[in-house]
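Before any comments, here is the structure.
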Amino acid sequence: MDAVLNIPATLPMGAAIAVGGPAIALGGLSLWFLKGYVSDHMRGPSNLPPLPEVPGVPLIGNLLQMKEKKPHKTFLKWAETYGPIYSIKAGYNSMVVLNSNEVAKEAMVTRYPSISTRKLSKALKILTSDKAMVAMSDYDEFHKTVKRHVLTNVLGPNAQKRHRCHRDTMIENISNQFHAYSKNYPHEAVNFRKIFESELFGLAMKQALGKDVENLYVEELGTTLSREEIFRVLVLDPMEGAIEVDWRDFFPYLKWIPNRGFEKRLEQMHTRRMAVMNALIREQKKRIASGEEINCYLDYLLTEAKTLSHNEITMLLWEAIIETSDTTLVTTEWAMFELAKDQKRQDLKYITLLCSQFNQDRLLLEIQSVCGSGNITEENLCQLPYLSAVFHETLRNHSPVPVIPLRYAHEETQLGGYRIPAGSEIAINLYGCNMEKEVWENPEEWNPERFLSENNDPVDLHKTMAFGGGRRACAGALQAMLISCVAIARLVQEFEWKPKDGEEDDVDTLGLTGHKRHPMHAFLKSRK
Ligand code: HEM
């Protein structure tokens, strides 16, 4: 049940248009969502039938059938019997589960005005400071204001241009560390995550606060924390906390019964997170007072966001840190894992050959003339359709957001031709949509070539809906794509990757955002 109840995280359509090629790929997101919008919108309300229901037991409904920590998989199984849209009972609450592209699109775009509020679990209520974040707020004035702020300073195309230096430094550091590892330990498999995660966190800190950190004295905790401990408090703990379940979420009429263990754990997590954020902000305020200005979210919010409280600013800074640090790592690690398993796909000749089948000579010539023997840069991305296919296929097959954070129908509406009663929770199972056999051939197979066949419209890259859609589409899609694609290409340009023996079939996942359960270990051989 856990993963459904909680979850993270946005792309304003036109926003992507400026950063060269990648922007073109992302612009497709809006076009894809427009496909079908008009016809859907014309269907008027009528005496619609009620939803198919998955049978459960009195009082607890279907809760016992969802014991495993991967509800998206249970939802998919049910879709085989009850169809792409059905309702379940999570204790007292009615939940509508959507498992197909069409109904998901309808929920995110056409019916959005009726389902624009969030339903948060008790854990998320505490960890989000009661919706004081872009991703977890309801669609209201607060949401519009803070989304504008994060796009203006951190995630929009112009902001991403201004933060480019941090991404370039990050990829150089990553490359240097892998080279050093392969030189010093030629017979040992490297832990991919250890290097990538730490560098990504550094980038998150620079964008949010202006500087990375080595250690920090936290007054409220009376101790100095190492960088690793700071990462745990700001990223790992909250990600784990977000999937904590309080049984009272399912039985609101029993909310008077205390659940102290749960409350204490979550409150402590929240207090430690706020203490660390406050200490980090205090340090940077000293920098600002000394006259040193840096282009970062903190400096921007302190000057521009006059209507926000200290608590809200702290939460927004933390949000930028945790969202940068998590899902991009998940996607890049899965992509490298898939490529490592498959030597032929790492071969640039193979890639160009495929591209040439897709779009013949133009691409072959472009790749050779643009990249040559030099390192790939963000400017090259729009000319590498195979790389784009690798990225989108990884998002499809290893969804970092298997179920979109729960929405709530605050008024009666309709989806998929069924009546949706007011008060229903809405779970959009992106994993289920991406495993639809009618839409994807052999969906369980990781196969980037599916996006490169002649019949494929480049806009279809966004059929995965990995970044959500409509007004709540992911604000970080551009950043995620820039970081992930450059990293994948650069690491394949520079090294041959081979998984550690016995790890090829290890596709188990963990947590809210589909992390690889066991970090990927691979042997590296420098190509230079
Ligand atoms: C591969 C990486 C990522 C994936 C797959 C992803 C996916 C998503 C999804 C599915 C949503 C939810 C849309 C909804 O509620 O309907 C979302 C929202 C959001 N994402 Fe991402 N995301 C990624 C990376 C990022 C990054 C790097 C950031 C920021 C640093 C970010 C910031 C946000 C924000 C702020 C929202 C809330 C948008 C809103 O509510 O208007 N995401 N993301």
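Ligands are numbered from 1 in the order shown, residues from 1 within each chain, and chains are lettered A, B, ... in the order they appear in the structure tokens.
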*Using only C-alpha atoms and all ligand atoms, find each residue with an atom at most 6 Å away from ligand 1 and format the answer as a list in words.*
Ala9, Thr10, Val134, Ala135, Ala320, Glu323, Thr324, Thr327, Thr328, Thr331, Pro400, Val401, Ile404, Pro405, Ala466, Phe467, Gly468, Gly469, Arg472, Ala473, Cys474, Ala475, Gly476, Ala477, Gln479 and Ala480 of chain A
*Any chance you could list, as JSON, numbers by chain, the residues in segment 53-199 of chain A that come up alpha helix (DSSP H) when DSSP is run on the backbone?*
{"A": [71, 72, 73, 74, 75, 76, 77, 78, 79, 80, 81, 82, 101, 102, 103, 104, 105, 122, 123, 124, 125, 126, 127, 141, 142, 143, 144, 145, 146, 147, 148, 149, 150, 157, 158, 159, 160, 161, 162, 164, 165, 166, 167, 168, 169, 170, 171, 172, 173, 174, 175, 176, 177, 178, 179, 180, 181, 182, 183, 184, 192, 193, 194, 195, 196, 197, 198, 199]}
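Among the candidates A:Ala189, A:Met465, A:Leu203, A:Ile126, the one nearest to Glu267 of chain A when counting only C-alpha atoms is A:Ile126.
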*Would you please give, as an MDAnalysis selection string, all residues of segment 132-249 of chain A that DSSP assigns to strand (DSSP E) based on the backbone?*
chainID A and resid 190:191 215:218 223:226
Just the selected residues (N, CA and C atoms), exported as a short mmCIF file (atom, residue, chain, number, x, y, z; two decimals), in the first residue's frame, please.
data_model
loop_
_atom_site.label_atom_id
_atom_site.label_comp_id
_atom_site.auth_asym_id
_atom_site.auth_seq_id
_atom_site.Cartn_x
_atom_site.Cartn_y
_atom_site.Cartn_z
N VAL A 190 33.03 -1.54 -9.66
CA VAL A 190 32.77 -0.25 -9.00
C VAL A 190 31.29 -0.14 -8.61
N ASN A 191 31.06 0.51 -7.48
CA ASN A 191 29.68 0.78 -7.06
C ASN A 191 29.25 2.08 -7.74
N ASN A 215 31.00 19.42 6.03
CA ASN A 215 30.39 19.06 7.31
C ASN A 215 29.69 20.30 7.84
N LEU A 216 28.94 20.11 8.93
CA LEU A 216 28.11 21.24 9.36
C LEU A 216 27.82 21.14 10.85
N TYR A 217 28.03 22.25 11.57
CA TYR A 217 27.64 22.25 12.98
C TYR A 217 26.15 22.62 13.04
N VAL A 218 25.36 21.72 13.66
CA VAL A 218 23.91 21.98 13.73
C VAL A 218 23.56 22.31 15.18
N THR A 223 25.58 19.11 17.55
CA THR A 223 26.63 18.24 17.00
C THR A 223 27.03 18.67 15.58
N THR A 224 28.21 18.15 15.17
CA THR A 224 28.65 18.40 13.80
C THR A 224 28.34 17.17 12.95
N LEU A 225 27.71 17.36 11.81
CA LEU A 225 27.37 16.23 10.94
C LEU A 225 28.30 16.20 9.74
N SER A 226 28.68 14.98 9.35
CA SER A 226 29.49 14.85 8.13
C SER A 226 28.58 15.02 6.92
#
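Comparing A:Met66, A:Leu266, A:Leu76, A:Leu395 by their smallest distance to Glu244 of chain A, the closest is A:Leu266 (using only C-alpha atoms).
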Can you list every residue of segment 210-319 of chain A that has an atom at most 8 Å from segment 87-93 of chain A, with its nearest atom pair and the distance in Å to one decimal, using only C-alpha atoms, ordered by chain then number, as JSON lines?
{"residue": "A:Phe250", "atom": "CA", "partner": "A:Gly91", "partner_atom": "CA", "distance": 4.7}
{"residue": "A:Phe251", "atom": "CA", "partner": "A:Tyr92", "partner_atom": "CA", "distance": 5.5}
{"residue": "A:Pro252", "atom": "CA", "partner": "A:Tyr92", "partner_atom": "CA", "distance": 7.4}
Write the selection just made, keeping C-alpha atoms, as an mmCIF file, in the first residue's frame?
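Contents of again_39.cif, freshly written:
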data_model
loop_
_atom_site.group_PDB
_atom_site.id
_atom_site.type_symbol
_atom_site.label_atom_id
_atom_site.label_comp_id
_atom_site.auth_asym_id
_atom_site.auth_seq_id
_atom_site.Cartn_x
_atom_site.Cartn_y
_atom_site.Cartn_z
ATOM 1 C CA PHE A 250 -7.265 3.858 6.290
ATOM 2 C CA PHE A 251 -9.635 4.169 9.223
ATOM 3 C CA PRO A 252 -10.139 7.895 9.843
#
_For Arg273 of chain A, find every residue with an atom within 10 Å (counting only C-alpha atoms), except residues of its own chain fewer than 3 positions away, and show them as a VMD selection string._
chain A and resid 127 230 232 to 235 237 to 238 267 to 270 276 to 278 314 to 315 318
Please produce an output containing N, CA and C atoms for each residue in the selection, written as a tab-separated table (two decimals), in the first residue's frame.
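Output (part_22.tsv):
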chain	number	residue	atom	x	y	z
A	127	LEU	N	5.97	15.24	6.73
A	127	LEU	CA	7.22	15.47	5.99
A	127	LEU	C	7.12	16.62	4.99
A	230	ILE	N	24.55	14.42	6.53
A	230	ILE	CA	23.63	15.46	6.03
A	230	ILE	C	22.76	14.85	4.92
A	232	ARG	N	21.95	11.78	4.56
A	232	ARG	CA	20.97	10.86	5.17
A	232	ARG	C	19.76	11.63	5.69
A	233	VAL	N	20.06	12.75	6.43
A	233	VAL	CA	18.97	13.49	7.06
A	233	VAL	C	18.09	14.18	6.01
A	234	LEU	N	18.72	14.70	4.95
A	234	LEU	CA	17.94	15.49	3.97
A	234	LEU	C	17.30	14.63	2.88
A	235	VAL	N	17.92	13.49	2.57
A	235	VAL	CA	17.43	12.72	1.41
A	235	VAL	C	16.97	11.30	1.81
A	237	ASP	N	16.55	9.58	4.74
A	237	ASP	CA	15.52	9.39	5.77
A	237	ASP	C	14.14	9.81	5.28
A	238	PRO	N	14.00	11.02	4.72
A	238	PRO	CA	12.65	11.40	4.26
A	238	PRO	C	12.09	10.47	3.17
A	267	GLU	N	8.06	12.70	13.43
A	267	GLU	CA	8.32	14.04	13.97
A	267	GLU	C	9.83	14.25	14.12
A	268	GLN	N	10.53	13.20	14.56
A	268	GLN	CA	11.99	13.31	14.72
A	268	GLN	C	12.67	13.56	13.37
A	269	MET	N	12.20	12.83	12.39
A	269	MET	CA	12.76	12.99	11.04
A	269	MET	C	12.58	14.43	10.55
A	270	HIS	N	11.37	14.94	10.79
A	270	HIS	CA	11.03	16.30	10.37
A	270	HIS	C	11.90	17.31	11.13
A	276	VAL	N	18.83	20.78	10.21
A	276	VAL	CA	19.94	20.81	9.26
A	276	VAL	C	19.72	21.92	8.22
A	277	MET	N	18.51	22.03	7.72
A	277	MET	CA	18.22	23.08	6.73
A	277	MET	C	18.47	24.46	7.34
A	278	ASN	N	18.03	24.66	8.59
A	278	ASN	CA	18.23	25.96	9.24
A	278	ASN	C	19.71	26.28	9.37
A	314	THR	N	12.28	27.43	3.68
A	314	THR	CA	13.09	26.27	4.06
A	314	THR	C	12.60	25.02	3.33
A	315	MET	N	11.30	24.83	3.31
A	315	MET	CA	10.74	23.64	2.65
A	315	MET	C	11.02	23.65	1.15
A	318	TRP	N	14.59	22.70	0.57
A	318	TRP	CA	14.75	21.25	0.79
A	318	TRP	C	14.16	20.46	-0.39
*Between A:Ser121, A:Gln414, A:Gln207, A:Ser175, single out the one closest to Leu48 of chain A, counting only C-alpha atoms.*
A:Gln414
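Atom CA of Ala242 of chain A is found 23.7 Å from atom CA of Ser309 of chain A.
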*Distance query Glu240 of chain A at most 8 Å, only C-alpha atoms, self and fewer than 4 positions along chain excluded, as a PyMOL selection string*: chain A and resi 236+244+511-512
